[in-house]
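Everything on this sheet refers to the single structure shown next.
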Amino acid sequence: LMRAFAPSSAFASASIAASRAREGGRGRGRRAMATAAASAAATTTALAYMDDTYAFDHSSAVRACVAVDGDAAATHAVELESTIVYPSGGGQPSDVGAMVSARGARFEISSAKASGGVVRHYGKFVDGDAFEVGEVVHVTIDSALRVLHARVHSAGHALDVAMIRVGLGPEVLEPTKGQHFVEGAYVEYSGKIPPEHELADSAKLMAALDDAMATLIAQKNSSSEAAELVYEEAKNKCGGQLPSFITEDMSPRVVTIVENSPGCPCGGTHVKSVGEIEAFKMVGVRVKKGVTRLSYTIPGMKDWKA
């Protein structure tokens, strides 16, 4: 399956650096590439949240702590060597939480954003002075919100599988992007259902997808998986195609929510089992300018009604 996603900032930056090294000349070849990769690894933020959705606390050294303006919710931006805080991107909102140093300085994280392989944590100091470079801080995140975000995001991936199960796979409607917010969630597909198709009627489509999702969610012992794969392996895992912005020198992280189903390149956080989604309801179908948007909700979201 193809879908717009939040690229792993680490592998993306390393790939860019390696590409620039290659442009430096054939004579320097491998040495330049190795130096570029090492430089990228030294300057990018290690994304610990990719290793474990359910890791809610973490310690890391501060790389930078600078004052910012223009944001009522943030007075400072903090960069760490590694982080469990998911930065907004790929249709998934960022985590929130706090950082505390041994000397008692406390920084409340209101948001996080990634750029150029570096995650910046935005927020305010509520106790003590600003962190110093090299200072080790203990990071905690809102665990309930993290799991809810993972469930909402995973539901969007599972919806792609449900579309295949009802006969509307990528050959009919190709998934392109999604929004996985607590306030509202949807997945968009390129194309529209042919009028002669049995599920061209929105009510019938919603009912069929609700049934297909209920069947998937009932597979409580089904395990999801996420792994960085070399290009060809990733391509095969995703049903034979990858988005054009993933080049052959990249190793994208592929997430498979439902066993024995196509995966999707994704840098987000996801549940261990599709059963953790708990329940699912379609809330709307919109077709506009050749794009079909399927809106959904799950328990915990603001528009969920049992």
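In the structure tokens, chains take the letters A, B, ... in the order shown, each chain's residues start at 1, and ligands count up from 1 in the order shown.
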Please extract the residues of region 130-200 of chain A with a backbone DSSP assignment of helix (DSSP H, G or I) and present them as a PyMOL selection string. chain A and resi 143-165
Go ahead and write the residues just picked, N, CA, C and O atoms, as a PDB file, in the first residue's frame.
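As written to disk, selection06.pdb reads:
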ATOM      1  N   SER A 143       1.018   9.105  28.688  1.00  0.00           N
ATOM      2  CA  SER A 143       0.910   7.736  28.176  1.00  0.00           C
ATOM      3  C   SER A 143      -0.462   7.457  27.566  1.00  0.00           C
ATOM      4  O   SER A 143      -0.567   6.776  26.532  1.00  0.00           O
ATOM      5  N   ALA A 144      -1.519   7.975  28.197  1.00  0.00           N
ATOM      6  CA  ALA A 144      -2.867   7.728  27.674  1.00  0.00           C
ATOM      7  C   ALA A 144      -3.037   8.358  26.295  1.00  0.00           C
ATOM      8  O   ALA A 144      -3.631   7.759  25.390  1.00  0.00           O
ATOM      9  N   LEU A 145      -2.502   9.573  26.120  1.00  0.00           N
ATOM     10  CA  LEU A 145      -2.616  10.248  24.831  1.00  0.00           C
ATOM     11  C   LEU A 145      -1.772   9.541  23.780  1.00  0.00           C
ATOM     12  O   LEU A 145      -2.201   9.396  22.629  1.00  0.00           O
ATOM     13  N   ARG A 146      -0.567   9.090  24.160  1.00  0.00           N
ATOM     14  CA  ARG A 146       0.285   8.344  23.213  1.00  0.00           C
ATOM     15  C   ARG A 146      -0.453   7.111  22.688  1.00  0.00           C
ATOM     16  O   ARG A 146      -0.476   6.849  21.483  1.00  0.00           O
ATOM     17  N   VAL A 147      -1.040   6.336  23.584  1.00  0.00           N
ATOM     18  CA  VAL A 147      -1.725   5.110  23.163  1.00  0.00           C
ATOM     19  C   VAL A 147      -2.944   5.445  22.309  1.00  0.00           C
ATOM     20  O   VAL A 147      -3.220   4.757  21.308  1.00  0.00           O
ATOM     21  N   LEU A 148      -3.655   6.505  22.655  1.00  0.00           N
ATOM     22  CA  LEU A 148      -4.819   6.893  21.848  1.00  0.00           C
ATOM     23  C   LEU A 148      -4.379   7.286  20.446  1.00  0.00           C
ATOM     24  O   LEU A 148      -4.988   6.864  19.452  1.00  0.00           O
ATOM     25  N   HIS A 149      -3.329   8.083  20.344  1.00  0.00           N
ATOM     26  CA  HIS A 149      -2.809   8.453  19.023  1.00  0.00           C
ATOM     27  C   HIS A 149      -2.417   7.212  18.222  1.00  0.00           C
ATOM     28  O   HIS A 149      -2.694   7.129  17.015  1.00  0.00           O
ATOM     29  N   ALA A 150      -1.773   6.245  18.879  1.00  0.00           N
ATOM     30  CA  ALA A 150      -1.361   5.019  18.202  1.00  0.00           C
ATOM     31  C   ALA A 150      -2.575   4.232  17.719  1.00  0.00           C
ATOM     32  O   ALA A 150      -2.573   3.674  16.612  1.00  0.00           O
ATOM     33  N   ARG A 151      -3.608   4.181  18.532  1.00  0.00           N
ATOM     34  CA  ARG A 151      -4.829   3.443  18.156  1.00  0.00           C
ATOM     35  C   ARG A 151      -5.521   4.106  16.973  1.00  0.00           C
ATOM     36  O   ARG A 151      -5.971   3.431  16.035  1.00  0.00           O
ATOM     37  N   VAL A 152      -5.620   5.440  17.008  1.00  0.00           N
ATOM     38  CA  VAL A 152      -6.267   6.159  15.907  1.00  0.00           C
ATOM     39  C   VAL A 152      -5.475   5.976  14.608  1.00  0.00           C
ATOM     40  O   VAL A 152      -6.053   5.725  13.545  1.00  0.00           O
ATOM     41  N   HIS A 153      -4.151   6.099  14.694  1.00  0.00           N
ATOM     42  CA  HIS A 153      -3.305   5.947  13.512  1.00  0.00           C
ATOM     43  C   HIS A 153      -3.383   4.518  12.967  1.00  0.00           C
ATOM     44  O   HIS A 153      -3.533   4.304  11.759  1.00  0.00           O
ATOM     45  N   SER A 154      -3.320   3.549  13.851  1.00  0.00           N
ATOM     46  CA  SER A 154      -3.393   2.150  13.423  1.00  0.00           C
ATOM     47  C   SER A 154      -4.736   1.831  12.788  1.00  0.00           C
ATOM     48  O   SER A 154      -4.818   1.029  11.846  1.00  0.00           O
ATOM     49  N   ALA A 155      -5.791   2.466  13.273  1.00  0.00           N
ATOM     50  CA  ALA A 155      -7.114   2.259  12.679  1.00  0.00           C
ATOM     51  C   ALA A 155      -7.131   2.719  11.228  1.00  0.00           C
ATOM     52  O   ALA A 155      -7.769   2.093  10.366  1.00  0.00           O
ATOM     53  N   GLY A 156      -6.398   3.804  10.935  1.00  0.00           N
ATOM     54  CA  GLY A 156      -6.316   4.260   9.550  1.00  0.00           C
ATOM     55  C   GLY A 156      -5.618   3.253   8.656  1.00  0.00           C
ATOM     56  O   GLY A 156      -6.043   3.015   7.511  1.00  0.00           O
ATOM     57  N   HIS A 157      -4.557   2.628   9.163  1.00  0.00           N
ATOM     58  CA  HIS A 157      -3.870   1.586   8.393  1.00  0.00           C
ATOM     59  C   HIS A 157      -4.759   0.355   8.224  1.00  0.00           C
ATOM     60  O   HIS A 157      -4.790  -0.265   7.160  1.00  0.00           O
ATOM     61  N   ALA A 158      -5.480   0.007   9.289  1.00  0.00           N
ATOM     62  CA  ALA A 158      -6.378  -1.147   9.208  1.00  0.00           C
ATOM     63  C   ALA A 158      -7.502  -0.885   8.215  1.00  0.00           C
ATOM     64  O   ALA A 158      -7.973  -1.816   7.533  1.00  0.00           O
ATOM     65  N   LEU A 159      -7.927   0.377   8.100  1.00  0.00           N
ATOM     66  CA  LEU A 159      -8.967   0.719   7.135  1.00  0.00           C
ATOM     67  C   LEU A 159      -8.498   0.420   5.711  1.00  0.00           C
ATOM     68  O   LEU A 159      -9.280  -0.038   4.871  1.00  0.00           O
ATOM     69  N   ASP A 160      -7.209   0.659   5.435  1.00  0.00           N
ATOM     70  CA  ASP A 160      -6.672   0.297   4.118  1.00  0.00           C
ATOM     71  C   ASP A 160      -6.845  -1.193   3.842  1.00  0.00           C
ATOM     72  O   ASP A 160      -7.173  -1.607   2.721  1.00  0.00           O
ATOM     73  N   VAL A 161      -6.607  -2.008   4.870  1.00  0.00           N
ATOM     74  CA  VAL A 161      -6.760  -3.457   4.717  1.00  0.00           C
ATOM     75  C   VAL A 161      -8.240  -3.805   4.523  1.00  0.00           C
ATOM     76  O   VAL A 161      -8.590  -4.649   3.688  1.00  0.00           O
ATOM     77  N   ALA A 162      -9.116  -3.143   5.278  1.00  0.00           N
ATOM     78  CA  ALA A 162     -10.555  -3.388   5.131  1.00  0.00           C
ATOM     79  C   ALA A 162     -11.021  -3.049   3.722  1.00  0.00           C
ATOM     80  O   ALA A 162     -11.881  -3.746   3.158  1.00  0.00           O
ATOM     81  N   MET A 163     -10.447  -2.006   3.140  1.00  0.00           N
ATOM     82  CA  MET A 163     -10.806  -1.641   1.765  1.00  0.00           C
ATOM     83  C   MET A 163     -10.462  -2.779   0.804  1.00  0.00           C
ATOM     84  O   MET A 163     -11.219  -3.080  -0.129  1.00  0.00           O
ATOM     85  N   ILE A 164      -9.314  -3.406   1.023  1.00  0.00           N
ATOM     86  CA  ILE A 164      -8.941  -4.552   0.189  1.00  0.00           C
ATOM     87  C   ILE A 164      -9.940  -5.677   0.395  1.00  0.00           C
ATOM     88  O   ILE A 164     -10.389  -6.316  -0.574  1.00  0.00           O
ATOM     89  N   ARG A 165     -10.331  -5.916   1.635  1.00  0.00           N
ATOM     90  CA  ARG A 165     -11.240  -7.027   1.949  1.00  0.00           C
ATOM     91  C   ARG A 165     -12.620  -6.854   1.311  1.00  0.00           C
ATOM     92  O   ARG A 165     -13.298  -7.839   1.019  1.00  0.00           O
TER      93      ARG A 165
END
If you count only C-alpha atoms, which residues fall within 10 Å of region 120-127 of chain A, apart from same-chain ones fewer than 5 positions away, as a PyMOL selection string? chain A and resi 45+64-68+71-80+83+85-87+94-100+104-115
Residue selection dump (N, CA, C and O atoms) as a compact mmCIF listing (two decimals), in the first residue's frame:
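The file below, again_24.txt, is the result:
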# COMPACT_ATOMS: atom_id res chain seq x y z
N THR A 45 18.48 13.44 15.64
CA THR A 45 17.95 12.95 16.91
C THR A 45 17.61 11.47 16.77
O THR A 45 16.89 11.08 15.83
N ALA A 64 20.77 21.15 22.79
CA ALA A 64 20.55 22.58 22.65
C ALA A 64 19.32 22.98 23.44
O ALA A 64 18.38 22.19 23.58
N CYS A 65 19.33 24.20 23.95
CA CYS A 65 18.16 24.76 24.64
C CYS A 65 18.17 26.25 24.34
O CYS A 65 19.05 26.99 24.81
N VAL A 66 17.22 26.67 23.52
CA VAL A 66 17.21 28.06 23.06
C VAL A 66 15.86 28.71 23.30
O VAL A 66 14.82 28.03 23.30
N ALA A 67 15.87 30.02 23.51
CA ALA A 67 14.63 30.77 23.67
C ALA A 67 13.96 30.95 22.32
O ALA A 67 14.63 31.11 21.29
N VAL A 68 12.63 30.91 22.30
CA VAL A 68 11.86 31.13 21.08
C VAL A 68 10.77 32.14 21.37
O VAL A 68 10.38 32.35 22.52
N ASP A 71 5.18 32.13 19.94
CA ASP A 71 4.32 30.99 20.30
C ASP A 71 3.92 31.14 21.76
O ASP A 71 4.76 31.05 22.65
N ALA A 72 2.63 31.38 21.99
CA ALA A 72 2.15 31.60 23.35
C ALA A 72 2.35 30.38 24.23
O ALA A 72 2.45 30.50 25.46
N ALA A 73 2.42 29.18 23.62
CA ALA A 73 2.54 27.95 24.40
C ALA A 73 3.99 27.55 24.64
O ALA A 73 4.25 26.58 25.35
N ALA A 74 4.94 28.30 24.07
CA ALA A 74 6.35 27.91 24.19
C ALA A 74 7.26 29.11 24.35
O ALA A 74 7.12 30.11 23.64
N THR A 75 8.20 28.99 25.28
CA THR A 75 9.23 30.02 25.45
C THR A 75 10.60 29.49 25.04
O THR A 75 11.52 30.27 24.82
N HIS A 76 10.74 28.16 24.98
CA HIS A 76 12.02 27.55 24.65
C HIS A 76 11.82 26.34 23.73
O HIS A 76 10.73 25.73 23.69
N ALA A 77 12.90 25.99 23.02
CA ALA A 77 12.96 24.76 22.24
C ALA A 77 14.17 23.97 22.72
O ALA A 77 15.26 24.52 22.86
N VAL A 78 13.96 22.70 23.00
CA VAL A 78 15.01 21.83 23.53
C VAL A 78 15.28 20.70 22.54
O VAL A 78 14.35 20.06 22.05
N GLU A 79 16.56 20.47 22.24
CA GLU A 79 16.98 19.35 21.41
C GLU A 79 17.72 18.34 22.27
O GLU A 79 18.52 18.73 23.12
N LEU A 80 17.44 17.06 22.06
CA LEU A 80 18.07 15.99 22.82
C LEU A 80 18.84 15.06 21.89
O LEU A 80 18.63 15.06 20.68
N THR A 83 15.03 10.77 21.72
CA THR A 83 13.74 11.16 22.30
C THR A 83 12.69 10.08 22.11
O THR A 83 12.72 9.32 21.14
N VAL A 85 9.56 11.33 22.39
CA VAL A 85 8.46 12.23 22.06
C VAL A 85 8.22 12.23 20.55
O VAL A 85 9.11 12.60 19.78
N TYR A 86 7.03 11.80 20.16
CA TYR A 86 6.73 11.78 18.72
C TYR A 86 6.48 13.20 18.23
O TYR A 86 5.64 13.91 18.77
N PRO A 87 7.19 13.66 17.18
CA PRO A 87 6.96 14.99 16.63
C PRO A 87 5.81 14.95 15.63
O PRO A 87 5.65 13.97 14.90
N SER A 94 1.68 15.46 17.73
CA SER A 94 2.84 15.17 18.58
C SER A 94 2.40 14.74 19.98
O SER A 94 1.28 15.00 20.42
N ASP A 95 3.33 14.09 20.66
CA ASP A 95 3.12 13.78 22.07
C ASP A 95 3.28 15.06 22.89
O ASP A 95 3.82 16.07 22.42
N VAL A 96 2.82 15.01 24.13
CA VAL A 96 3.06 16.07 25.10
C VAL A 96 3.65 15.41 26.34
O VAL A 96 3.48 14.21 26.55
N GLY A 97 4.34 16.20 27.18
CA GLY A 97 4.93 15.60 28.37
C GLY A 97 5.79 16.60 29.12
O GLY A 97 5.49 17.80 29.15
N ALA A 98 6.88 16.11 29.69
CA ALA A 98 7.75 16.97 30.49
C ALA A 98 9.17 16.43 30.51
O ALA A 98 9.40 15.23 30.29
N MET A 99 10.13 17.33 30.77
CA MET A 99 11.53 16.98 31.00
C MET A 99 11.94 17.53 32.36
O MET A 99 11.58 18.66 32.70
N VAL A 100 12.68 16.73 33.12
CA VAL A 100 13.14 17.17 34.43
C VAL A 100 14.62 16.84 34.57
O VAL A 100 15.06 15.75 34.22
N GLY A 104 16.43 19.82 39.32
CA GLY A 104 15.05 20.23 39.57
C GLY A 104 14.41 21.12 38.53
O GLY A 104 13.24 21.51 38.69
N ALA A 105 15.12 21.45 37.45
CA ALA A 105 14.50 22.24 36.39
C ALA A 105 13.45 21.39 35.68
O ALA A 105 13.71 20.23 35.33
N ARG A 106 12.27 21.95 35.47
CA ARG A 106 11.17 21.20 34.84
C ARG A 106 10.66 21.98 33.62
O ARG A 106 10.34 23.16 33.71
N PHE A 107 10.62 21.26 32.50
CA PHE A 107 10.20 21.83 31.22
C PHE A 107 8.96 21.09 30.74
O PHE A 107 8.99 19.87 30.55
N GLU A 108 7.86 21.79 30.58
CA GLU A 108 6.60 21.18 30.12
C GLU A 108 6.56 21.23 28.60
O GLU A 108 6.65 22.30 27.99
N ILE A 109 6.44 20.05 27.97
CA ILE A 109 6.45 19.94 26.51
C ILE A 109 5.03 20.09 25.97
O ILE A 109 4.15 19.29 26.27
N SER A 110 4.81 21.13 25.17
CA SER A 110 3.49 21.34 24.58
C SER A 110 3.39 20.78 23.17
O SER A 110 2.30 20.47 22.69
N SER A 111 4.54 20.64 22.49
CA SER A 111 4.55 20.07 21.14
C SER A 111 5.97 19.72 20.75
O SER A 111 6.93 20.12 21.43
N ALA A 112 6.11 18.97 19.67
CA ALA A 112 7.42 18.63 19.13
C ALA A 112 7.32 18.62 17.61
O ALA A 112 6.30 18.22 17.05
N LYS A 113 8.40 19.08 16.97
CA LYS A 113 8.43 19.12 15.52
C LYS A 113 9.80 18.64 15.04
O LYS A 113 10.80 18.85 15.72
N ALA A 114 9.82 18.00 13.88
CA ALA A 114 11.08 17.50 13.32
C ALA A 114 11.41 18.25 12.04
O ALA A 114 10.54 18.55 11.22
N SER A 115 12.69 18.57 11.88
CA SER A 115 13.17 19.24 10.67
C SER A 115 14.62 18.87 10.45
O SER A 115 15.44 18.98 11.38
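Between CA of Gly169 (chain A) and CA of Met250 (chain A) there is a distance of 25.9 Å.
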At a cut-off of 6 Å, using only C-alpha atoms, what residues contact region 180-186 of chain A? Leave out same-chain residues fewer than 5 positions from it and give the result as a ChimeraX atom specification. /A:91-92,152-153,294-296,301-302
Could those selected residues go to a file with N, CA, C and O atoms, as a PDB file, in the first residue's frame?
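Okay, again09.pdb is ready:
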ATOM      1  N   GLY A  91       0.298  13.038   9.548  1.00  0.00           N
ATOM      2  CA  GLY A  91      -1.102  13.001   9.937  1.00  0.00           C
ATOM      3  C   GLY A  91      -1.326  12.663  11.397  1.00  0.00           C
ATOM      4  O   GLY A  91      -2.462  12.519  11.830  1.00  0.00           O
ATOM      5  N   GLN A  92      -0.244  12.529  12.173  1.00  0.00           N
ATOM      6  CA  GLN A  92      -0.362  12.195  13.600  1.00  0.00           C
ATOM      7  C   GLN A  92       0.140  13.372  14.435  1.00  0.00           C
ATOM      8  O   GLN A  92       1.223  13.905  14.175  1.00  0.00           O
ATOM      9  N   VAL A 152      -5.620   5.440  17.008  1.00  0.00           N
ATOM     10  CA  VAL A 152      -6.267   6.159  15.907  1.00  0.00           C
ATOM     11  C   VAL A 152      -5.475   5.976  14.608  1.00  0.00           C
ATOM     12  O   VAL A 152      -6.053   5.725  13.545  1.00  0.00           O
ATOM     13  N   HIS A 153      -4.151   6.099  14.694  1.00  0.00           N
ATOM     14  CA  HIS A 153      -3.305   5.947  13.512  1.00  0.00           C
ATOM     15  C   HIS A 153      -3.383   4.518  12.967  1.00  0.00           C
ATOM     16  O   HIS A 153      -3.533   4.304  11.759  1.00  0.00           O
ATOM     17  N   LEU A 294     -12.599   8.938   3.472  1.00  0.00           N
ATOM     18  CA  LEU A 294     -13.353   8.098   4.395  1.00  0.00           C
ATOM     19  C   LEU A 294     -13.039   8.531   5.823  1.00  0.00           C
ATOM     20  O   LEU A 294     -11.902   8.397   6.280  1.00  0.00           O
ATOM     21  N   SER A 295     -14.033   9.065   6.512  1.00  0.00           N
ATOM     22  CA  SER A 295     -13.852   9.525   7.887  1.00  0.00           C
ATOM     23  C   SER A 295     -14.315   8.450   8.852  1.00  0.00           C
ATOM     24  O   SER A 295     -15.320   7.767   8.605  1.00  0.00           O
ATOM     25  N   TYR A 296     -13.603   8.311   9.968  1.00  0.00           N
ATOM     26  CA  TYR A 296     -13.903   7.250  10.923  1.00  0.00           C
ATOM     27  C   TYR A 296     -13.680   7.723  12.350  1.00  0.00           C
ATOM     28  O   TYR A 296     -13.091   8.789  12.592  1.00  0.00           O
ATOM     29  N   MET A 301     -11.946   8.933  20.870  1.00  0.00           N
ATOM     30  CA  MET A 301     -11.981  10.129  20.052  1.00  0.00           C
ATOM     31  C   MET A 301     -13.185  10.984  20.442  1.00  0.00           C
ATOM     32  O   MET A 301     -14.162  10.495  21.009  1.00  0.00           O
ATOM     33  N   LYS A 302     -13.120  12.271  20.122  1.00  0.00           N
ATOM     34  CA  LYS A 302     -14.148  13.198  20.568  1.00  0.00           C
ATOM     35  C   LYS A 302     -15.507  12.957  19.920  1.00  0.00           C
ATOM     36  O   LYS A 302     -16.546  13.305  20.497  1.00  0.00           O
TER      37      LYS A 302
END
Counting only C-alpha atoms, figure out which residue out of A:Ile84, A:Val166, A:Ile257, A:Leu173 gets nearest to Asp142 (chain A). A:Ile84
With only C-alpha atoms as the basis for distance, which of A:Pro194, A:Ala279, A:Glu81, A:Gly90 is at the shortest distance from Val139 (chain A)? A:Glu81
According to DSSP computed on the backbone, where in region 153-232 of chain A is there strand (DSSP E or B)? Give the residues as a PyMOL selection string. chain A and resi 174-181+184-190+223+225-228
Applying 6 Å and only C-alpha atoms, which residues near Cys264 (chain A) remain after dropping the ones on its own chain fewer than 4 positions away? List them as a ChimeraX atom specification. /A:1,238,254-255
Store the residues picked out above in a file with N, CA, C and O atoms, as a PDB file, in the first residue's frame.
ATOM      1  N   LEU A   1       0.834  -1.191   0.000  1.00  0.00           N
ATOM      2  CA  LEU A   1       0.000   0.000   0.000  1.00  0.00           C
ATOM      3  C   LEU A   1       0.872   1.245   0.000  1.00  0.00           C
ATOM      4  O   LEU A   1       1.904   1.290   0.644  1.00  0.00           O
ATOM      5  N   CYS A 238       5.127  -3.910   0.788  1.00  0.00           N
ATOM      6  CA  CYS A 238       4.047  -2.943   0.587  1.00  0.00           C
ATOM      7  C   CYS A 238       3.217  -3.243  -0.663  1.00  0.00           C
ATOM      8  O   CYS A 238       2.566  -2.347  -1.217  1.00  0.00           O
ATOM      9  N   VAL A 254       8.615   0.110   7.488  1.00  0.00           N
ATOM     10  CA  VAL A 254       7.341  -0.401   6.992  1.00  0.00           C
ATOM     11  C   VAL A 254       6.526  -0.949   8.164  1.00  0.00           C
ATOM     12  O   VAL A 254       7.024  -1.756   8.953  1.00  0.00           O
ATOM     13  N   VAL A 255       5.296  -0.493   8.256  1.00  0.00           N
ATOM     14  CA  VAL A 255       4.391  -0.927   9.325  1.00  0.00           C
ATOM     15  C   VAL A 255       3.321  -1.845   8.735  1.00  0.00           C
ATOM     16  O   VAL A 255       2.690  -1.507   7.729  1.00  0.00           O
TER      17      VAL A 255
END
Using only C-alpha atoms, determine which residues lie at most 10 Å from region 281-284 of chain A, disregarding the query and same-chain residues fewer than 6 positions distant; provide the list as an MDAnalysis selection string. chainID A and resid 159 184:186 202:203 205:211 213:214 293:299 303:306
